[in-house]
Amino acid sequence: MIAWQPERVVRTCVATTRDSEAFGRLVGAEANARNFEAASRRAFVSDGQAYNWSIQKRWFGEYVAVLDFIHVLGYVWQATRASGGTDAEQWSRYVRWMRGCWQGRVSEVLVEMHREQERIGQPPEDAEDTDVRVVLSRARGYLRNNVDRMKYPEYRKAGLPVTSSWVESLIKEINDRVKGTEKFWNEQEAECVLAVRAAVLSDDERLTKHLAARLGSPFQRRTAA
């Protein structure tokens, strides 16, 4: 049996407590250091957060923008549940909408969602976030705002990733060290801890090299006074 899954060659990461603008500069610098520009195929995979796409436009404008398909599945499932019906009807609807998104027929899915929204009604301004009308409207907006990043048949044909699962798991590895009970940081301390944690989780031995070259290292040659 031929393995089709891509294998990770090397992983590096960066982390910061600062805003998305500062984080974007870190990610852009890291990609530049890794010489990603020389790659024949480049993709920027993210969820639907607007600030992530701002980073993509600012630092990775030439990369193919890909909406994480796992997030799509979550919103489609929520929309399916909000539309109501029996369990069998909901599952049938979910499979149809999920397959439509996977096959690049997002516009058809949006037409059906719009029809369901008209049936159950538009959400009033004072509606709760859990109101089914709000849930469906939110899912429609998510797909509508990201339709240009959901060309999954093209991405698969080009061998591009369609999910950021590895990054999601990496975030958990970062959080295990930084977040939790009895952990309190000021901004400077948190930045230091994040920098070290990111270095530990990187595959390029950057932490080992830093420790060997830092001032005060026992491996550093000292000049005579």
# chains A, B, ... in the order shown; residues from 1 in each chain; ligands from 1
$ residues_around --residues "Leu110 (chain A)" --least-positions-apart "5" --cutoff "8 Å" --atoms "only C-alpha atoms" --output "PyMOL selection string"
chain A and resi 140+143-144
$ closest_residue --among "A:Ala43, A:Val178, A:Val76, A:Leu170" --to "Gly61 (chain A)" --atoms "only C-alpha atoms"
A:Ala43
$ closest_residue --among "A:Glu189, A:Glu89, A:Glu116, A:Glu37" --to "Trp59 (chain A)" --atoms "only C-alpha atoms"
A:Glu37
$ select_by_dssp --residues "region 19-59 of chain A" --states "strand (DSSP E)" --output "number ranges by chain"
A: 43-46
$ write_last_selection --atoms "N, CA and C atoms" --output "PDB file, in the first residue's frame"
ATOM      1  N   ALA A  43       1.098  27.658   0.262  1.00  0.00           N
ATOM      2  CA  ALA A  43      -0.278  27.831   0.722  1.00  0.00           C
ATOM      3  C   ALA A  43      -0.287  28.459   2.104  1.00  0.00           C
ATOM      4  N   PHE A  44      -1.292  29.288   2.346  1.00  0.00           N
ATOM      5  CA  PHE A  44      -1.522  29.884   3.661  1.00  0.00           C
ATOM      6  C   PHE A  44      -2.864  29.348   4.130  1.00  0.00           C
ATOM      7  N   VAL A  45      -2.837  28.430   5.094  1.00  0.00           N
ATOM      8  CA  VAL A  45      -4.053  27.775   5.576  1.00  0.00           C
ATOM      9  C   VAL A  45      -4.452  28.396   6.906  1.00  0.00           C
ATOM     10  N   SER A  46      -5.718  28.763   7.029  1.00  0.00           N
ATOM     11  CA  SER A  46      -6.167  29.420   8.254  1.00  0.00           C
ATOM     12  C   SER A  46      -7.662  29.205   8.446  1.00  0.00           C
TER      13      SER A  46
END
$ residues_around --residues "Ile174 (chain A)" --least-positions-apart "6" --cutoff "12 Å" --atoms "only C-alpha atoms" --output "ChimeraX atom specification"
/A:13-17,167-168,180,190,193-202
$ select_by_dssp --residues "region 18-144 of chain A" --states "alpha helix (DSSP H)" --output "MDAnalysis selection string"
chainID A and resid 20:33 50:59 69:82 87:102 106:120 132:144
$ closest_residue --among "A:Thr86, A:Ser20, A:Asn35, A:Gln122" --to "Ser54 (chain A)" --atoms "only C-alpha atoms"
A:Ser20
$ atom_distance --atom1 "CA of Ala33 (chain A)" --atom2 "CA of Gly216 (chain A)"
26.5 Å
$ residues_around --residues "Gln56 (chain A)" --least-positions-apart "4" --cutoff "9 Å" --atoms "only C-alpha atoms" --output "short mmCIF file (atom, residue, chain, number, x, y, z; two decimals) with C-alpha atoms, in the first residue's frame"
data_model
loop_
_atom_site.label_atom_id
_atom_site.label_comp_id
_atom_site.auth_asym_id
_atom_site.auth_seq_id
_atom_site.Cartn_x
_atom_site.Cartn_y
_atom_site.Cartn_z
CA GLY A 24 2.46 38.76 11.29
CA PHE A 44 -1.52 29.88 3.66
CA TYR A 51 -6.91 39.19 11.28
CA ASN A 52 -5.39 35.96 9.93
CA PHE A 60 1.94 36.10 2.11
CA GLY A 61 0.07 37.74 -0.75
CA GLU A 62 1.52 35.34 -3.34
CA TYR A 63 0.49 32.26 -1.38
CA ALA A 65 -5.22 31.28 0.61
#
$ atom_distance --atom1 "CA of Val10 (chain A)" --atom2 "CA of Asn32 (chain A)"
14.9 Å
$ decode --residues "region 182-209 of chain A" --atoms "N, CA and C atoms" --output "compact mmCIF listing (two decimals), in the first residue's frame"
# COMPACT_ATOMS: atom_id res chain seq x y z
N GLU A 182 -2.27 28.54 38.40
CA GLU A 182 -1.04 28.90 39.10
C GLU A 182 0.07 29.33 38.15
N LYS A 183 -0.31 29.87 36.99
CA LYS A 183 0.66 30.42 36.05
C LYS A 183 0.29 31.88 35.81
N PHE A 184 1.17 32.75 36.22
CA PHE A 184 0.92 34.18 36.10
C PHE A 184 2.15 34.83 35.47
N TRP A 185 1.92 35.65 34.45
CA TRP A 185 3.04 36.26 33.73
C TRP A 185 2.78 37.75 33.54
N ASN A 186 3.84 38.54 33.63
CA ASN A 186 3.73 39.88 33.08
C ASN A 186 4.13 39.78 31.61
N GLU A 187 3.97 40.86 30.85
CA GLU A 187 4.18 40.78 29.41
C GLU A 187 5.60 40.37 29.04
N GLN A 188 6.58 40.94 29.71
CA GLN A 188 7.97 40.62 29.38
C GLN A 188 8.30 39.16 29.67
N GLU A 189 7.86 38.68 30.82
CA GLU A 189 8.11 37.28 31.17
C GLU A 189 7.42 36.34 30.20
N ALA A 190 6.19 36.67 29.85
CA ALA A 190 5.44 35.82 28.92
C ALA A 190 6.13 35.76 27.57
N GLU A 191 6.65 36.89 27.10
CA GLU A 191 7.35 36.90 25.81
C GLU A 191 8.58 35.99 25.85
N CYS A 192 9.30 36.03 26.96
CA CYS A 192 10.49 35.19 27.10
C CYS A 192 10.12 33.70 27.12
N VAL A 193 9.09 33.37 27.89
CA VAL A 193 8.66 31.98 27.99
C VAL A 193 8.18 31.48 26.63
N LEU A 194 7.42 32.30 25.91
CA LEU A 194 6.93 31.91 24.60
C LEU A 194 8.07 31.70 23.61
N ALA A 195 9.08 32.58 23.66
CA ALA A 195 10.22 32.44 22.75
C ALA A 195 10.96 31.14 23.00
N VAL A 196 11.15 30.81 24.28
CA VAL A 196 11.85 29.56 24.61
C VAL A 196 11.01 28.36 24.22
N ARG A 197 9.72 28.42 24.52
CA ARG A 197 8.83 27.30 24.19
C ARG A 197 8.79 27.06 22.68
N ALA A 198 8.70 28.13 21.90
CA ALA A 198 8.69 28.00 20.44
C ALA A 198 10.01 27.39 19.95
N ALA A 199 11.12 27.79 20.58
CA ALA A 199 12.42 27.25 20.19
C ALA A 199 12.51 25.76 20.51
N VAL A 200 11.98 25.37 21.66
CA VAL A 200 11.99 23.96 22.05
C VAL A 200 11.22 23.11 21.05
N LEU A 201 10.10 23.64 20.56
CA LEU A 201 9.22 22.89 19.66
C LEU A 201 9.67 22.96 18.20
N SER A 202 10.69 23.74 17.90
CA SER A 202 11.21 23.83 16.54
C SER A 202 12.22 22.71 16.29
N ASP A 203 12.28 22.25 15.05
CA ASP A 203 13.13 21.10 14.71
C ASP A 203 14.53 21.48 14.25
N ASP A 204 14.87 22.78 14.27
CA ASP A 204 16.15 23.20 13.70
C ASP A 204 17.23 23.43 14.75
N GLU A 205 17.01 22.95 15.97
CA GLU A 205 17.99 23.04 17.05
C GLU A 205 18.38 24.48 17.37
N ARG A 206 17.46 25.41 17.17
CA ARG A 206 17.79 26.81 17.42
C ARG A 206 18.07 27.08 18.90
N LEU A 207 17.39 26.36 19.78
CA LEU A 207 17.62 26.58 21.20
C LEU A 207 19.02 26.09 21.59
N THR A 208 19.42 24.93 21.09
CA THR A 208 20.76 24.40 21.38
C THR A 208 21.84 25.35 20.88
N LYS A 209 21.63 25.88 19.69
CA LYS A 209 22.61 26.81 19.12
C LYS A 209 22.65 28.10 19.94
